[in-house]
file protein-v4.cif (mmCIF, N, CA and C atoms)
data_input
loop_
_atom_site.label_atom_id
_atom_site.label_comp_id
_atom_site.auth_asym_id
_atom_site.auth_seq_id
_atom_site.Cartn_x
_atom_site.Cartn_y
_atom_site.Cartn_z
N MET A 1 0.83 -1.19 0.00
CA MET A 1 0.00 0.00 0.00
C MET A 1 0.88 1.27 0.00
N LYS A 2 1.86 1.27 0.88
CA LYS A 2 2.76 2.41 0.96
C LYS A 2 3.55 2.57 -0.34
N ARG A 3 3.97 1.48 -0.90
CA ARG A 3 4.74 1.48 -2.14
C ARG A 3 3.89 2.03 -3.30
N GLU A 4 2.62 1.62 -3.37
CA GLU A 4 1.72 2.10 -4.41
C GLU A 4 1.51 3.61 -4.29
N THR A 5 1.33 4.08 -3.07
CA THR A 5 1.13 5.50 -2.83
C THR A 5 2.36 6.28 -3.27
N GLN A 6 3.53 5.75 -2.91
CA GLN A 6 4.77 6.41 -3.31
C GLN A 6 4.89 6.47 -4.83
N MET A 7 4.53 5.40 -5.49
CA MET A 7 4.61 5.35 -6.96
C MET A 7 3.64 6.36 -7.59
N LYS A 8 2.43 6.45 -7.02
CA LYS A 8 1.45 7.42 -7.54
C LYS A 8 1.96 8.85 -7.35
N ILE A 9 2.50 9.10 -6.17
CA ILE A 9 3.02 10.44 -5.89
C ILE A 9 4.19 10.75 -6.82
N ARG A 10 5.08 9.77 -6.99
CA ARG A 10 6.23 9.96 -7.87
C ARG A 10 5.77 10.20 -9.31
N GLY A 11 4.75 9.47 -9.74
CA GLY A 11 4.21 9.66 -11.09
C GLY A 11 3.62 11.05 -11.27
N LYS A 12 2.86 11.50 -10.27
CA LYS A 12 2.28 12.85 -10.34
C LYS A 12 3.39 13.90 -10.33
N TYR A 13 4.41 13.67 -9.50
CA TYR A 13 5.53 14.60 -9.42
C TYR A 13 6.24 14.69 -10.78
N GLU A 14 6.49 13.56 -11.39
CA GLU A 14 7.17 13.55 -12.69
C GLU A 14 6.33 14.25 -13.75
N ALA A 15 5.04 14.00 -13.73
CA ALA A 15 4.15 14.66 -14.71
C ALA A 15 4.16 16.17 -14.51
N LEU A 16 4.09 16.61 -13.25
CA LEU A 16 4.14 18.04 -12.96
C LEU A 16 5.48 18.64 -13.36
N ARG A 17 6.56 17.93 -13.07
CA ARG A 17 7.89 18.41 -13.40
C ARG A 17 8.03 18.57 -14.92
N LYS A 18 7.53 17.59 -15.68
CA LYS A 18 7.60 17.68 -17.13
C LYS A 18 6.78 18.86 -17.65
N CYS A 19 5.62 19.04 -17.04
CA CYS A 19 4.76 20.17 -17.44
C CYS A 19 5.47 21.50 -17.15
N ILE A 20 6.06 21.60 -15.99
CA ILE A 20 6.76 22.83 -15.61
C ILE A 20 7.95 23.07 -16.53
N GLU A 21 8.71 22.02 -16.82
CA GLU A 21 9.86 22.17 -17.72
C GLU A 21 9.41 22.59 -19.12
N SER A 22 8.29 22.03 -19.57
CA SER A 22 7.76 22.39 -20.88
C SER A 22 7.34 23.86 -20.89
N GLU A 23 6.66 24.29 -19.85
CA GLU A 23 6.23 25.69 -19.75
C GLU A 23 7.45 26.60 -19.64
N GLU A 24 8.45 26.18 -18.90
CA GLU A 24 9.66 26.98 -18.76
C GLU A 24 10.34 27.16 -20.12
N ARG A 25 10.44 26.09 -20.90
CA ARG A 25 11.02 26.18 -22.23
C ARG A 25 10.22 27.13 -23.11
N ARG A 26 8.91 27.00 -23.03
CA ARG A 26 8.04 27.87 -23.84
C ARG A 26 8.21 29.34 -23.44
N VAL A 27 8.26 29.61 -22.15
CA VAL A 27 8.43 30.99 -21.68
C VAL A 27 9.81 31.51 -22.09
N LEU A 28 10.84 30.69 -21.96
CA LEU A 28 12.17 31.13 -22.35
C LEU A 28 12.26 31.42 -23.85
N GLN A 29 11.57 30.61 -24.65
CA GLN A 29 11.54 30.87 -26.09
C GLN A 29 10.82 32.18 -26.38
N TYR A 30 9.73 32.41 -25.66
CA TYR A 30 8.99 33.65 -25.84
C TYR A 30 9.87 34.84 -25.44
N LEU A 31 10.55 34.73 -24.30
CA LEU A 31 11.43 35.81 -23.84
C LEU A 31 12.55 36.07 -24.85
N GLU A 32 13.08 35.03 -25.41
CA GLU A 32 14.14 35.19 -26.41
C GLU A 32 13.61 35.91 -27.65
N SER A 33 12.40 35.56 -28.08
CA SER A 33 11.83 36.24 -29.25
C SER A 33 11.52 37.71 -28.93
N GLU A 34 11.06 37.97 -27.71
CA GLU A 34 10.81 39.35 -27.30
C GLU A 34 12.11 40.13 -27.23
N LYS A 35 13.16 39.49 -26.74
CA LYS A 35 14.47 40.14 -26.68
C LYS A 35 14.94 40.51 -28.08
N ARG A 36 14.77 39.60 -29.03
CA ARG A 36 15.15 39.89 -30.42
C ARG A 36 14.32 41.04 -30.98
N ARG A 37 13.02 41.02 -30.71
CA ARG A 37 12.15 42.08 -31.21
C ARG A 37 12.53 43.44 -30.64
N VAL A 38 12.75 43.48 -29.34
CA VAL A 38 13.11 44.74 -28.69
C VAL A 38 14.48 45.22 -29.19
N THR A 39 15.41 44.29 -29.32
CA THR A 39 16.74 44.65 -29.82
C THR A 39 16.64 45.20 -31.23
N ASP A 40 15.84 44.57 -32.07
CA ASP A 40 15.65 45.07 -33.44
C ASP A 40 15.03 46.46 -33.43
N ASP A 41 14.04 46.67 -32.57
CA ASP A 41 13.41 47.99 -32.46
C ASP A 41 14.44 49.05 -32.03
N ILE A 42 15.26 48.69 -31.07
CA ILE A 42 16.28 49.62 -30.58
C ILE A 42 17.29 49.92 -31.68
N GLU A 43 17.72 48.88 -32.40
CA GLU A 43 18.69 49.10 -33.48
C GLU A 43 18.09 49.96 -34.59
N THR A 44 16.81 49.77 -34.87
CA THR A 44 16.14 50.61 -35.88
C THR A 44 16.12 52.06 -35.42
N THR A 45 15.78 52.28 -34.15
CA THR A 45 15.75 53.63 -33.60
C THR A 45 17.13 54.27 -33.66
N ILE A 46 18.14 53.51 -33.29
CA ILE A 46 19.51 54.03 -33.32
C ILE A 46 19.89 54.41 -34.75
N SER A 47 19.55 53.55 -35.70
CA SER A 47 19.86 53.84 -37.10
C SER A 47 19.16 55.11 -37.57
N GLU A 48 17.89 55.26 -37.22
CA GLU A 48 17.14 56.45 -37.61
C GLU A 48 17.76 57.70 -36.99
N LEU A 49 18.15 57.60 -35.72
CA LEU A 49 18.76 58.75 -35.05
C LEU A 49 20.12 59.09 -35.66
N GLU A 50 20.90 58.07 -36.03
CA GLU A 50 22.19 58.33 -36.67
C GLU A 50 22.00 59.01 -38.02
N ASN A 51 20.99 58.58 -38.77
CA ASN A 51 20.71 59.22 -40.06
C ASN A 51 20.28 60.67 -39.87
N ARG A 52 19.47 60.92 -38.87
CA ARG A 52 19.04 62.30 -38.60
C ARG A 52 20.22 63.15 -38.16
N LYS A 53 21.12 62.54 -37.39
CA LYS A 53 22.31 63.27 -36.95
C LYS A 53 23.16 63.67 -38.16
N LYS A 54 23.34 62.74 -39.10
CA LYS A 54 24.11 63.04 -40.31
C LYS A 54 23.43 64.17 -41.10
N ASP A 55 22.10 64.10 -41.21
CA ASP A 55 21.38 65.16 -41.93
C ASP A 55 21.56 66.51 -41.24
N LEU A 56 21.50 66.50 -39.91
CA LEU A 56 21.68 67.76 -39.18
C LEU A 56 23.10 68.30 -39.35
N GLU A 57 24.08 67.40 -39.30
CA GLU A 57 25.47 67.83 -39.48
C GLU A 57 25.68 68.42 -40.88
N LYS A 58 25.06 67.79 -41.88
CA LYS A 58 25.17 68.30 -43.26
C LYS A 58 24.49 69.67 -43.36
N ALA A 59 23.32 69.80 -42.76
CA ALA A 59 22.61 71.09 -42.79
C ALA A 59 23.42 72.16 -42.06
N LEU A 60 24.03 71.79 -40.95
CA LEU A 60 24.86 72.75 -40.21
C LEU A 60 26.06 73.20 -41.04
N ALA A 61 26.68 72.23 -41.71
CA ALA A 61 27.83 72.57 -42.56
C ALA A 61 27.39 73.50 -43.70
N ASP A 62 26.24 73.18 -44.31
CA ASP A 62 25.73 74.02 -45.40
C ASP A 62 25.39 75.43 -44.91
N LEU A 63 24.78 75.49 -43.73
CA LEU A 63 24.45 76.81 -43.18
C LEU A 63 25.72 77.59 -42.84
N SER A 64 26.71 76.90 -42.33
CA SER A 64 27.98 77.57 -42.03
C SER A 64 28.61 78.13 -43.30
N ASP A 65 28.54 77.33 -44.38
CA ASP A 65 29.06 77.82 -45.66
C ASP A 65 28.28 79.04 -46.14
N LEU A 66 26.96 79.01 -45.96
CA LEU A 66 26.13 80.15 -46.39
C LEU A 66 26.46 81.41 -45.60
N LEU A 67 26.77 81.23 -44.33
CA LEU A 67 27.09 82.41 -43.52
C LEU A 67 28.37 83.10 -44.00
N GLN A 68 29.20 82.36 -44.71
CA GLN A 68 30.43 82.95 -45.24
C GLN A 68 30.17 83.80 -46.48
N GLN A 69 28.99 83.66 -47.06
CA GLN A 69 28.66 84.41 -48.27
C GLN A 69 28.47 85.89 -47.93
N ASN A 70 29.07 86.73 -48.73
CA ASN A 70 28.95 88.18 -48.51
C ASN A 70 27.74 88.76 -49.23
N LYS A 71 27.26 88.06 -50.24
CA LYS A 71 26.14 88.58 -51.02
C LYS A 71 24.82 88.05 -50.43
N GLU A 72 23.91 88.95 -50.15
CA GLU A 72 22.63 88.58 -49.55
C GLU A 72 21.81 87.69 -50.48
N VAL A 73 21.87 87.94 -51.75
CA VAL A 73 21.08 87.17 -52.71
C VAL A 73 21.53 85.71 -52.70
N VAL A 74 22.82 85.47 -52.68
CA VAL A 74 23.35 84.11 -52.67
C VAL A 74 22.93 83.41 -51.36
N PHE A 75 23.00 84.14 -50.25
CA PHE A 75 22.61 83.57 -48.94
C PHE A 75 21.13 83.17 -48.96
N ILE A 76 20.28 84.05 -49.44
CA ILE A 76 18.83 83.79 -49.46
C ILE A 76 18.51 82.63 -50.40
N GLN A 77 19.15 82.59 -51.56
CA GLN A 77 18.91 81.50 -52.50
C GLN A 77 19.36 80.16 -51.89
N GLY A 78 20.51 80.17 -51.26
CA GLY A 78 21.02 78.95 -50.62
C GLY A 78 20.12 78.49 -49.49
N LEU A 79 19.66 79.43 -48.69
CA LEU A 79 18.76 79.09 -47.58
C LEU A 79 17.44 78.53 -48.10
N ASN A 80 16.90 79.12 -49.15
CA ASN A 80 15.66 78.62 -49.74
C ASN A 80 15.82 77.23 -50.33
N SER A 81 16.98 76.95 -50.90
CA SER A 81 17.21 75.62 -51.49
C SER A 81 17.32 74.54 -50.41
N MET A 82 17.63 74.95 -49.19
CA MET A 82 17.77 73.99 -48.08
C MET A 82 16.48 73.83 -47.28
N GLU A 83 15.46 74.58 -47.62
CA GLU A 83 14.25 74.63 -46.81
C GLU A 83 13.65 73.25 -46.51
N GLU A 84 13.43 72.44 -47.53
CA GLU A 84 12.82 71.11 -47.33
C GLU A 84 13.69 70.21 -46.47
N ARG A 85 14.98 70.21 -46.74
CA ARG A 85 15.89 69.34 -45.98
C ARG A 85 15.94 69.75 -44.51
N ILE A 86 16.00 71.04 -44.27
CA ILE A 86 16.05 71.53 -42.89
C ILE A 86 14.73 71.22 -42.19
N LYS A 87 13.62 71.36 -42.93
CA LYS A 87 12.31 71.07 -42.35
C LYS A 87 12.23 69.60 -41.91
N ASP A 88 12.73 68.68 -42.77
CA ASP A 88 12.68 67.26 -42.43
C ASP A 88 13.48 66.92 -41.19
N VAL A 89 14.67 67.49 -41.07
CA VAL A 89 15.51 67.14 -39.91
C VAL A 89 15.06 67.85 -38.64
N SER A 90 14.25 68.89 -38.80
CA SER A 90 13.81 69.61 -37.61
C SER A 90 12.52 69.05 -37.02
N GLU A 91 11.92 68.07 -37.69
CA GLU A 91 10.71 67.44 -37.17
C GLU A 91 11.05 66.69 -35.88
N PRO A 92 10.16 66.69 -34.91
CA PRO A 92 10.44 65.97 -33.67
C PRO A 92 10.52 64.46 -33.91
N PHE A 93 11.38 63.81 -33.16
CA PHE A 93 11.53 62.37 -33.28
C PHE A 93 10.42 61.69 -32.48
N VAL A 94 9.73 60.76 -33.11
CA VAL A 94 8.64 60.04 -32.45
C VAL A 94 9.20 58.71 -31.93
N PRO A 95 9.32 58.57 -30.61
CA PRO A 95 9.87 57.32 -30.08
C PRO A 95 8.88 56.17 -30.22
N LEU A 96 9.40 54.96 -30.10
CA LEU A 96 8.56 53.77 -30.16
C LEU A 96 7.68 53.70 -28.91
N ALA A 97 6.63 52.89 -28.99
CA ALA A 97 5.75 52.69 -27.84
C ALA A 97 6.55 52.05 -26.72
N PRO A 98 6.29 52.44 -25.47
CA PRO A 98 7.00 51.82 -24.35
C PRO A 98 6.77 50.32 -24.33
N VAL A 99 7.79 49.59 -23.92
CA VAL A 99 7.72 48.13 -23.90
C VAL A 99 6.66 47.66 -22.91
N SER A 100 6.50 48.37 -21.79
CA SER A 100 5.53 47.93 -20.79
C SER A 100 4.11 47.90 -21.37
N ASP A 101 3.77 48.85 -22.26
CA ASP A 101 2.45 48.85 -22.88
C ASP A 101 2.29 47.66 -23.81
N VAL A 102 3.35 47.30 -24.49
CA VAL A 102 3.29 46.20 -25.45
C VAL A 102 3.07 44.87 -24.73
N ASN A 103 3.66 44.69 -23.56
CA ASN A 103 3.62 43.42 -22.86
C ASN A 103 2.47 43.29 -21.88
N LYS A 104 1.62 44.29 -21.78
CA LYS A 104 0.54 44.24 -20.80
C LYS A 104 -0.40 43.06 -21.03
N SER A 105 -0.74 42.78 -22.27
CA SER A 105 -1.63 41.66 -22.56
C SER A 105 -0.98 40.34 -22.18
N VAL A 106 0.32 40.23 -22.39
CA VAL A 106 1.02 39.00 -22.02
C VAL A 106 1.01 38.83 -20.50
N LEU A 107 1.24 39.92 -19.77
CA LEU A 107 1.19 39.84 -18.31
C LEU A 107 -0.20 39.46 -17.81
N GLU A 108 -1.22 39.98 -18.46
CA GLU A 108 -2.59 39.63 -18.07
C GLU A 108 -2.85 38.14 -18.28
N LYS A 109 -2.39 37.60 -19.42
CA LYS A 109 -2.57 36.17 -19.69
C LYS A 109 -1.79 35.33 -18.69
N LEU A 110 -0.57 35.76 -18.39
CA LEU A 110 0.25 35.03 -17.43
C LEU A 110 -0.38 35.05 -16.05
N ALA A 111 -0.91 36.20 -15.63
CA ALA A 111 -1.58 36.30 -14.33
C ALA A 111 -2.80 35.39 -14.28
N ALA A 112 -3.56 35.35 -15.37
CA ALA A 112 -4.74 34.47 -15.42
C ALA A 112 -4.32 33.01 -15.34
N TRP A 113 -3.24 32.65 -16.03
CA TRP A 113 -2.75 31.27 -15.99
C TRP A 113 -2.29 30.90 -14.59
N VAL A 114 -1.54 31.78 -13.93
CA VAL A 114 -1.07 31.50 -12.57
C VAL A 114 -2.25 31.35 -11.63
N GLN A 115 -3.23 32.20 -11.78
CA GLN A 115 -4.42 32.12 -10.93
C GLN A 115 -5.15 30.80 -11.17
N ALA A 116 -5.24 30.37 -12.41
CA ALA A 116 -5.89 29.09 -12.71
C ALA A 116 -5.10 27.93 -12.09
N MET A 117 -3.78 28.02 -12.15
CA MET A 117 -2.94 26.99 -11.53
C MET A 117 -3.14 26.96 -10.01
N TYR A 118 -3.31 28.14 -9.42
CA TYR A 118 -3.55 28.24 -7.98
C TYR A 118 -4.87 27.57 -7.61
N VAL A 119 -5.90 27.84 -8.38
CA VAL A 119 -7.22 27.26 -8.11
C VAL A 119 -7.16 25.74 -8.26
N ALA A 120 -6.40 25.27 -9.26
CA ALA A 120 -6.33 23.83 -9.52
C ALA A 120 -5.43 23.09 -8.53
N ALA A 121 -4.53 23.81 -7.88
CA ALA A 121 -3.58 23.15 -6.97
C ALA A 121 -4.29 22.69 -5.70
N PRO A 122 -3.96 21.51 -5.20
CA PRO A 122 -4.56 21.04 -3.94
C PRO A 122 -4.16 21.94 -2.78
N GLN A 123 -5.02 22.01 -1.77
CA GLN A 123 -4.76 22.86 -0.60
C GLN A 123 -3.44 22.50 0.08
N SER A 124 -3.07 21.24 0.07
CA SER A 124 -1.88 20.79 0.77
C SER A 124 -0.59 21.00 -0.04
N ASP A 125 -0.71 21.45 -1.26
CA ASP A 125 0.47 21.63 -2.12
C ASP A 125 1.32 22.79 -1.62
N PRO A 126 2.61 22.54 -1.31
CA PRO A 126 3.48 23.61 -0.82
C PRO A 126 3.75 24.68 -1.90
N GLN A 127 3.59 24.34 -3.16
CA GLN A 127 3.81 25.30 -4.24
C GLN A 127 2.67 26.31 -4.36
N ARG A 128 1.58 26.05 -3.68
CA ARG A 128 0.42 26.94 -3.75
C ARG A 128 0.77 28.34 -3.26
N ASN A 129 1.56 28.43 -2.19
CA ASN A 129 1.97 29.74 -1.67
C ASN A 129 2.83 30.49 -2.69
N CYS A 130 3.66 29.76 -3.40
CA CYS A 130 4.49 30.37 -4.44
C CYS A 130 3.61 30.96 -5.54
N LEU A 131 2.56 30.25 -5.90
CA LEU A 131 1.65 30.76 -6.92
C LEU A 131 0.97 32.05 -6.48
N VAL A 132 0.63 32.13 -5.20
CA VAL A 132 0.02 33.35 -4.66
C VAL A 132 0.99 34.51 -4.80
N THR A 133 2.24 34.27 -4.45
CA THR A 133 3.26 35.31 -4.52
C THR A 133 3.45 35.78 -5.97
N VAL A 134 3.54 34.84 -6.89
CA VAL A 134 3.71 35.19 -8.30
C VAL A 134 2.51 35.97 -8.80
N CYS A 135 1.33 35.54 -8.44
CA CYS A 135 0.11 36.21 -8.88
C CYS A 135 0.07 37.66 -8.36
N LYS A 136 0.40 37.85 -7.10
CA LYS A 136 0.42 39.21 -6.53
C LYS A 136 1.46 40.08 -7.23
N TYR A 137 2.60 39.49 -7.51
CA TYR A 137 3.65 40.25 -8.21
C TYR A 137 3.18 40.68 -9.59
N LEU A 138 2.57 39.76 -10.32
CA LEU A 138 2.09 40.08 -11.67
C LEU A 138 1.02 41.17 -11.63
N GLN A 139 0.17 41.13 -10.62
CA GLN A 139 -0.88 42.14 -10.52
C GLN A 139 -0.30 43.52 -10.25
N THR A 140 0.86 43.60 -9.56
CA THR A 140 1.48 44.90 -9.33
C THR A 140 2.08 45.46 -10.62
N ARG A 141 2.38 44.59 -11.59
CA ARG A 141 2.99 45.01 -12.84
C ARG A 141 1.95 45.44 -13.87
N LEU A 142 0.69 45.12 -13.64
CA LEU A 142 -0.37 45.47 -14.60
C LEU A 142 -0.82 46.90 -14.44
#
call {"tool": "encode", "arguments": {"input": "protein-v4.cif", "output": "C-alpha cells"}}
result
Amino acid sequence: MKRETQMKIRGKYEALRKCIESEERRVLQYLESEKRRVTDDIETTISELENRKKDLEKALADLSDLLQQNKEVVFIQGLNSMEERIKDVSEPFVPLAPVSDVNKSVLEKLAAWVQAMYVAAPQSDPQRNCLVTVCKYLQTRL
C-alpha cells in the first residue's frame, strides 16, 4: 500500500515536473523572441537617429558655408534651397511605444494562468503559496 502511494506520488511529481519544464522552455523561447524584437526595435531607432544626426550635421555645414557668403542674394537662395531638408531634420523624433504597454496583454494572460494553476492546486500543495506570490507580483505590474 505504501509502495503504491509512493509510486502514484512519484508519477504525479514527474508529470508536474515535465509540465513545468515544458512551460519553462516555452516561456524562455517567448522571452528570447521578445528580446530579439526589442533589440531590433532599438537598433532601428539608433539607425534612424544616426541618419538624422548626419542630416543635421550636413545642414549645419551648409548653413555655415552660407554664412560665409557676402552677397545677400546668394545667402537667401542657398537658404531657400535647403528649406525642405532643414524642415525634415527639424521634425520631432517620435519614439517607439514603451515596452511595458506592449507586454501588458502578455502579463494579463500570465496572471490568469497562474491564478488558474492556484485554483487547480490542492490545498496541501506547498507550491500553492508560491503561486500566490507570483500572482500578486504580476498584478502589481499590470
call {"tool": "axis_aligned_box", "arguments": {"input": "protein-v4.cif", "around": "stretch 2-18 of chain A", "padding_each_side": "5 Å", "output": "JSON"}}
result
{"center_x": 4.6, "center_y": 10.1, "center_z": -8.3, "size_x": 16.9, "size_y": 27.6, "size_z": 28.6}
call {"tool": "atom_distance", "arguments": {"input": "protein-v4.cif", "atom1": "atom C of A:Thr44", "atom2": "atom C of A:Leu107"}}
result
27.1 Å
call {"tool": "atom_distance", "arguments": {"input": "protein-v4.cif", "atom1": "atom C of A:Lys12", "atom2": "atom C of A:Arg25"}}
result
19.6 Å
call {"tool": "closest_residue", "arguments": {"input": "protein-v4.cif", "among": "A:Ile42, A:Leu31, A:Ile76, A:Met82", "to": "A:Leu56", "atoms": "only C-alpha atoms"}}
result
A:Met82
call {"tool": "atom_distance", "arguments": {"input": "protein-v4.cif", "atom1": "atom CA of A:Val27", "atom2": "atom C of A:Met117"}}
result
16.9 Å
call {"tool": "resolve_selection", "arguments": {"input": "protein-v4.cif", "expression": "the PyMOL selection byres (((chain A and resi 57-68 and name CA) around 10) and name CA)", "output": "list in words"}}
result
Asn51, Arg52, Lys53, Lys54, Asp55, Leu56, Gln69, Asn70, Lys71, Glu72, Val74, Phe75, Ile76, Gln77, Gly78, Leu79, Met82, Glu83, Arg85, Ile86 and Val89 of chain A
call {"tool": "decode", "arguments": {"input": "protein-v4.cif", "residues": "stretch 5-18 of chain A", "atoms": "N, CA and C atoms", "output": "mmCIF file, in the first residue's frame"}}
result
data_model
loop_
_atom_site.group_PDB
_atom_site.id
_atom_site.type_symbol
_atom_site.label_atom_id
_atom_site.label_comp_id
_atom_site.auth_asym_id
_atom_site.auth_seq_id
_atom_site.Cartn_x
_atom_site.Cartn_y
_atom_site.Cartn_z
ATOM 1 N N THR A 5 1.328 4.076 -3.075
ATOM 2 C CA THR A 5 1.130 5.503 -2.834
ATOM 3 C C THR A 5 2.363 6.282 -3.268
ATOM 4 N N GLN A 6 3.533 5.748 -2.907
ATOM 5 C CA GLN A 6 4.772 6.410 -3.307
ATOM 6 C C GLN A 6 4.893 6.469 -4.829
ATOM 7 N N MET A 7 4.534 5.396 -5.494
ATOM 8 C CA MET A 7 4.613 5.355 -6.956
ATOM 9 C C MET A 7 3.643 6.364 -7.587
ATOM 10 N N LYS A 8 2.426 6.455 -7.023
ATOM 11 C CA LYS A 8 1.449 7.419 -7.539
ATOM 12 C C LYS A 8 1.959 8.847 -7.354
ATOM 13 N N ILE A 9 2.498 9.102 -6.169
ATOM 14 C CA ILE A 9 3.021 10.441 -5.887
ATOM 15 C C ILE A 9 4.189 10.750 -6.819
ATOM 16 N N ARG A 10 5.080 9.773 -6.986
ATOM 17 C CA ARG A 10 6.230 9.959 -7.871
ATOM 18 C C ARG A 10 5.765 10.202 -9.312
ATOM 19 N N GLY A 11 4.752 9.472 -9.745
ATOM 20 C CA GLY A 11 4.213 9.658 -11.092
ATOM 21 C C GLY A 11 3.625 11.053 -11.267
ATOM 22 N N LYS A 12 2.859 11.499 -10.272
ATOM 23 C CA LYS A 12 2.283 12.845 -10.336
ATOM 24 C C LYS A 12 3.385 13.902 -10.329
ATOM 25 N N TYR A 13 4.409 13.667 -9.504
ATOM 26 C CA TYR A 13 5.526 14.600 -9.423
ATOM 27 C C TYR A 13 6.235 14.693 -10.779
ATOM 28 N N GLU A 14 6.487 13.563 -11.391
ATOM 29 C CA GLU A 14 7.173 13.545 -12.688
ATOM 30 C C GLU A 14 6.331 14.249 -13.754
ATOM 31 N N ALA A 15 5.038 14.002 -13.730
ATOM 32 C CA ALA A 15 4.153 14.655 -14.706
ATOM 33 C C ALA A 15 4.165 16.172 -14.505
ATOM 34 N N LEU A 16 4.093 16.610 -13.247
ATOM 35 C CA LEU A 16 4.137 18.042 -12.962
ATOM 36 C C LEU A 16 5.484 18.642 -13.356
ATOM 37 N N ARG A 17 6.559 17.927 -13.067
ATOM 38 C CA ARG A 17 7.890 18.414 -13.404
ATOM 39 C C ARG A 17 8.033 18.568 -14.917
ATOM 40 N N LYS A 18 7.534 17.594 -15.678
ATOM 41 C CA LYS A 18 7.605 17.679 -17.131
ATOM 42 C C LYS A 18 6.780 18.858 -17.648
#
